[in-house]
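Undergrad: Below is one structure. I have some questions about it.
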Amino acid sequence: MTSSPARSHTAATGTVSAATAPCPLVVIGADGQVVELNAAAAGLLPAARSGRRLLFPDWLAAASGDTRAVSGPVGDRFFSAHPSAVAGDSTAWWLVDETECRSLLRELEAERGRTRFLNDASTALLSSLNLDRCTEVTASLATQHLADAALVISPAANGRLPVVLCDHRGQVSRRTVTDSPGTVPGLTEALRGFPPVPAQWIDPATAPEWLVPADFGEVGSLAVTPLPGHGVSAGALVLLRRGREAAFTDGDEILARLFAARAGAAMSAARLYAEQNRISETLMRELLPPTLQHVEGVDFAGGYRPSKETERVGGDFYDVHPPGEDFPETLAVLGDVAGKGLEAAVLTGKIRNTLQALLPLAGDHTRMLRLLNNAMRTSHHTRFATLVLASVRREESDVVLRLTAAGHPPPLVLRRDGTVEEVDTRGSLIGVLPTIAAHTAHVRLAPGETCLLFTDGVTEARGGPLGDTLFGEQRLMRAAAECVGMPAEAVVERIQMVTAQWLGDGRHDDIAVMAITAPRGSHLSAVDGTTRGRYTA
């Protein structure tokens with residue numbers, strides 16, 4: 001057949017032979033009647049007859065005279081029809097079976113959707129290292145994308161199963177279950193990390209009451225899959241669907257396992273982080289400087305600032321040990337370990353513990369320092385330390401101190417008349433030489449006077465107008481002179497504030513300050529009998 005030159009079609013005009021066409025071909029005239037069709041078209045469209053109007057399929061009948069390709073179903077198949085103009089104002093429609101292609105496109109789009117879901121799930125799960133938050137996100141995502149309701153069940157603790165439930169309304173709740181996991185088919189195995197039992201093998205009618213949300217209705221399908229963690233199972237994911245027609249397919253279970261692998265890894269990482277955080281907090285409490293207070297009629301105050309704002313501990317430390325059965329005086333210690341950060345803090349912990357064990361020898365500072373020096377030199381640490389020992393006792397209204405510096409800046413004494421004195425004490429570094437020497441100084445504080453102990457983080461603080469000038473001893477003494485007559489807490493706060501202002505935003509070493517103050521006047525007990533009370537002027 002030859003197309004009419006007067007018509008304009010998208011397809012090329014030429015000769016069409018129905019008999020030799022490689023696919024179903026039907027020629028429809030301008031009046032909508034079938035002009036010709038080949039055997040393939042006759043088999044596909046049994047109601048079509050030459051000389052009769054085409055009624056089926058309706059989407060092709062409606063396209064009569066159109067110049068664009070159309071498509072639609074024919075039975076359980078899907079075809080696209082492409083027009084080609086022929087002689088006599090007729091149109092030849094080539095029918096191409098696109099059923100398999102559309103099926104592949106649907107599968108591709110579904111796979112893309114699954115990939116997007118898994119990527120979004122990974123992002124949501126890894127956005128927090130909080131274990132509670134992670135389990136709630138797991139249950140919510142599973143309910144939104146995999147089932148009508150989901151439960152995240154953690155391994156049993158003290159005979160109880162911790163459960164996070166997201167119901168069909170999207171509401172998340174927590175509960176603990178005393179029932180045995182064996183009451184849920186496949187749950188015991190999933191909690192141990194074994195491969196999941198296929199959902200088709202699980203009878204949903206066997207689900208215990210605690211597993212089904214309120215007002216959920218009949219459970220039509222139940223799936224249980226493990227949540228694999230790092231070496232041990234992170235728990236199990238239970239999925240519930242309503243209605244028998246919504247049973248889990250093999251593809252659904254594969255997607256659930258892929259999601260569970262990501263959720264289990266995130267939960268395991270969150271659990272590991274929580275465990276490490278608890279360990280760190282426990283150890284940190286032993287490394288942090290203590291809170292100082294009034295001890296045996298003497299006021300103590302301390303302040304500490306690590307070299308980095310992101311760290312809590314470092315190489316500077318201080319301690320106050322009240323009198324005991326074997327040592328009648330309060331022993332105050334302030335020291336500085338070479339280095340910064342956690343490694344230095346570990347050594348400060350060892351020094352503090354060693355000094356605490358040596359408290360019965362606190363009457364002889366030099367002997368204490370020698371024993372500490374031997375302990376440090378025989379350890380695997382290669383760092384050294386400097387420190388000041390201060391034995392403190394009350395004598396009527398005065399405070400008497402014995403001060404021994406071991407390679408450390410000597411303390412300052414703030415007198416009532418406004419003068420600042422440097423204590424005449426000196427000694428060797430700790431942890432370097434096989435033998436050490438130390439000189440102990442005796443100081444008496446009248447009421448209102450203070451002995452200030454500090455680390456070199458104060459005097460070596462670099463800052464000022466140009467940002468590279470040392471704070472120095474002279475500036476420290478002038479700042480201390482402004483603190484004369486202040487309580488111990490106020491002295492520490494003032495020195496810290498002045499140092500911080502000098503530093504600005506610049507880098508610095510660890511900074512530790514301790515004030516030992518002889519209280520003014522007589523002590524008055526608190527009226528309520530519980531708070532600290534005060535001293536008279």
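Chain lettering (A, B, ...) mirrors the order of the structure tokens, residue numbering begins at 1 for each chain separately, and ligand numbering begins at 1 in order of display.
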Set the distance at 12 Å and use only C-alpha atoms: which residues neighbour stretch 336-348 of chain A once local chain neighbours fewer than 6 positions away are removed? I'd like the list as a PyMOL selection string.
TA: chain A and resi 280+283-289+304-319+354-355+372+375-376+379-388+405-409+429-432+453-458+508-513
Undergrad: Please provide as a ChimeraX atom specification all residues within 10 Å of A:Pro487, with the sequence filter that same-chain residues fewer than 6 positions apart are discarded (counting only C-alpha atoms).
TA: /A:299-301,448-450,515-520
Undergrad: For N, CA and C atoms, I'd like the residues from the last selection saved as a PDB file, in the first residue's frame.
TA:
ATOM      1  N   ASP A 299      40.238  27.055 104.746  1.00  0.00           N
ATOM      2  CA  ASP A 299      39.504  27.134 103.484  1.00  0.00           C
ATOM      3  C   ASP A 299      40.400  26.723 102.319  1.00  0.00           C
ATOM      4  N   PHE A 300      39.889  25.799 101.508  1.00  0.00           N
ATOM      5  CA  PHE A 300      40.592  25.362 100.298  1.00  0.00           C
ATOM      6  C   PHE A 300      39.695  25.628  99.090  1.00  0.00           C
ATOM      7  N   ALA A 301      40.309  26.055  97.995  1.00  0.00           N
ATOM      8  CA  ALA A 301      39.584  26.240  96.736  1.00  0.00           C
ATOM      9  C   ALA A 301      40.532  25.916  95.589  1.00  0.00           C
ATOM     10  N   GLY A 448      42.668  35.742 107.129  1.00  0.00           N
ATOM     11  CA  GLY A 448      42.492  36.541 105.918  1.00  0.00           C
ATOM     12  C   GLY A 448      43.628  36.416 104.930  1.00  0.00           C
ATOM     13  N   GLU A 449      44.735  35.757 105.301  1.00  0.00           N
ATOM     14  CA  GLU A 449      45.858  35.604 104.387  1.00  0.00           C
ATOM     15  C   GLU A 449      45.743  34.285 103.621  1.00  0.00           C
ATOM     16  N   THR A 450      46.367  34.254 102.445  1.00  0.00           N
ATOM     17  CA  THR A 450      46.205  33.127 101.518  1.00  0.00           C
ATOM     18  C   THR A 450      47.547  32.684 100.980  1.00  0.00           C
ATOM     19  N   ALA A 515      44.045  27.704  96.234  1.00  0.00           N
ATOM     20  CA  ALA A 515      44.199  28.717  97.279  1.00  0.00           C
ATOM     21  C   ALA A 515      43.944  28.080  98.637  1.00  0.00           C
ATOM     22  N   ILE A 516      44.868  28.352  99.590  1.00  0.00           N
ATOM     23  CA  ILE A 516      44.728  27.896 100.973  1.00  0.00           C
ATOM     24  C   ILE A 516      44.630  29.149 101.837  1.00  0.00           C
ATOM     25  N   THR A 517      43.491  29.347 102.475  1.00  0.00           N
ATOM     26  CA  THR A 517      43.228  30.610 103.169  1.00  0.00           C
ATOM     27  C   THR A 517      42.936  30.369 104.640  1.00  0.00           C
ATOM     28  N   ALA A 518      43.535  31.223 105.482  1.00  0.00           N
ATOM     29  CA  ALA A 518      43.211  31.209 106.909  1.00  0.00           C
ATOM     30  C   ALA A 518      41.934  32.021 107.107  1.00  0.00           C
ATOM     31  N   PRO A 519      40.853  31.403 107.581  1.00  0.00           N
ATOM     32  CA  PRO A 519      39.580  32.114 107.707  1.00  0.00           C
ATOM     33  C   PRO A 519      39.679  33.283 108.675  1.00  0.00           C
ATOM     34  N   ARG A 520      38.831  34.267 108.418  1.00  0.00           N
ATOM     35  CA  ARG A 520      38.763  35.418 109.316  1.00  0.00           C
ATOM     36  C   ARG A 520      37.876  35.100 110.504  1.00  0.00           C
TER      37      ARG A 520
END
Undergrad: Taking only C-alpha atoms into account, name the residue in A:Leu146, A:Leu187, A:Leu412, A:Val423 that is nearest to A:Leu240.
TA: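 Between A:Leu146, A:Leu187, A:Leu412, A:Val423, the residue approaching A:Leu240 most closely is A:Leu146.
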Undergrad: To test your reading of the structure, identify every residue in stretch 363-396 of chain A that backbone DSSP assigns to strand (DSSP E or B), and report it as a list in words.
TA: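 The strand (DSSP E or B) subset of stretch 363-396 of chain A is Ala385, Thr386, Leu387, Val388, Leu389, Ala390, Ser391, Val392, Arg393, Arg394 and Glu395 of chain A.
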Undergrad: Can you tell me how far atom CA of A:Arg52 sits from atom CA of A:Asp89, in Å to one decimal?
TA: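 Interatomic distance here is 16.5 Å.
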Undergrad: Could you list, as a PyMOL selection string, every residue within 8 Å of A:Pro57, counting only C-alpha atoms and ignoring same-chain residues fewer than 2 positions away?
TA: chain A and resi 45+54-55+59-61+73-74
Undergrad: Store the residues of this selection in a file with N, CA, C and O atoms, as a PDB file, in the first residue's frame.
TA:
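For reference, again20.pdb as written:
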ATOM      1  N   LEU A  45      -6.462  -9.878  18.012  1.00  0.00           N
ATOM      2  CA  LEU A  45      -7.736  -9.169  18.062  1.00  0.00           C
ATOM      3  C   LEU A  45      -8.782 -10.029  17.345  1.00  0.00           C
ATOM      4  O   LEU A  45      -9.128  -9.783  16.172  1.00  0.00           O
ATOM      5  N   LEU A  54     -13.501  -1.057  13.978  1.00  0.00           N
ATOM      6  CA  LEU A  54     -12.718  -1.620  15.097  1.00  0.00           C
ATOM      7  C   LEU A  54     -13.271  -1.094  16.416  1.00  0.00           C
ATOM      8  O   LEU A  54     -13.355   0.115  16.633  1.00  0.00           O
ATOM      9  N   LEU A  55     -13.696  -2.017  17.263  1.00  0.00           N
ATOM     10  CA  LEU A  55     -14.245  -1.639  18.572  1.00  0.00           C
ATOM     11  C   LEU A  55     -13.321  -2.012  19.723  1.00  0.00           C
ATOM     12  O   LEU A  55     -13.405  -1.428  20.803  1.00  0.00           O
ATOM     13  N   TRP A  59      -8.704   1.715  23.271  1.00  0.00           N
ATOM     14  CA  TRP A  59      -7.670   2.746  23.175  1.00  0.00           C
ATOM     15  C   TRP A  59      -7.119   2.847  21.763  1.00  0.00           C
ATOM     16  O   TRP A  59      -6.706   3.919  21.323  1.00  0.00           O
ATOM     17  N   LEU A  60      -7.140   1.726  20.986  1.00  0.00           N
ATOM     18  CA  LEU A  60      -6.703   1.774  19.603  1.00  0.00           C
ATOM     19  C   LEU A  60      -7.819   2.297  18.699  1.00  0.00           C
ATOM     20  O   LEU A  60      -7.564   3.073  17.761  1.00  0.00           O
ATOM     21  N   ALA A  61      -9.060   1.916  19.012  1.00  0.00           N
ATOM     22  CA  ALA A  61     -10.185   2.415  18.227  1.00  0.00           C
ATOM     23  C   ALA A  61     -10.309   3.925  18.348  1.00  0.00           C
ATOM     24  O   ALA A  61     -10.623   4.621  17.375  1.00  0.00           O
ATOM     25  N   PRO A  73      -3.580  -1.956  27.210  1.00  0.00           N
ATOM     26  CA  PRO A  73      -3.595  -3.408  27.427  1.00  0.00           C
ATOM     27  C   PRO A  73      -4.433  -4.132  26.384  1.00  0.00           C
ATOM     28  O   PRO A  73      -5.409  -3.598  25.847  1.00  0.00           O
ATOM     29  N   VAL A  74      -4.023  -5.343  26.112  1.00  0.00           N
ATOM     30  CA  VAL A  74      -4.812  -6.269  25.317  1.00  0.00           C
ATOM     31  C   VAL A  74      -4.808  -7.586  26.091  1.00  0.00           C
ATOM     32  O   VAL A  74      -3.798  -8.315  26.089  1.00  0.00           O
TER      33      VAL A  74
END
Undergrad: Neighbouring residues of A:Gly170 were defined as those with any atom within 9 Å, considering only C-alpha atoms; residues of the same chain fewer than 6 positions away were excluded. Please report them as JSON, numbers by chain.
TA: {"A": [140, 143, 144, 148, 149]}
Undergrad: Sorted by chain and rising residue number, which residues of stretch 168-224 of chain A lie within 10 Å of stretch 255-263 of chain A, and what are their closest atom pairs and distances in Å to one decimal, counting only C-alpha atoms, as a tab-separated table?
TA:
residue	atom	partner	partner_atom	distance
A:Pro195	CA	A:Arg257	CA	9.5
A:Pro196	CA	A:Arg257	CA	8.6
A:Ala223	CA	A:Ala256	CA	8.9
A:Val224	CA	A:Ala256	CA	9.2
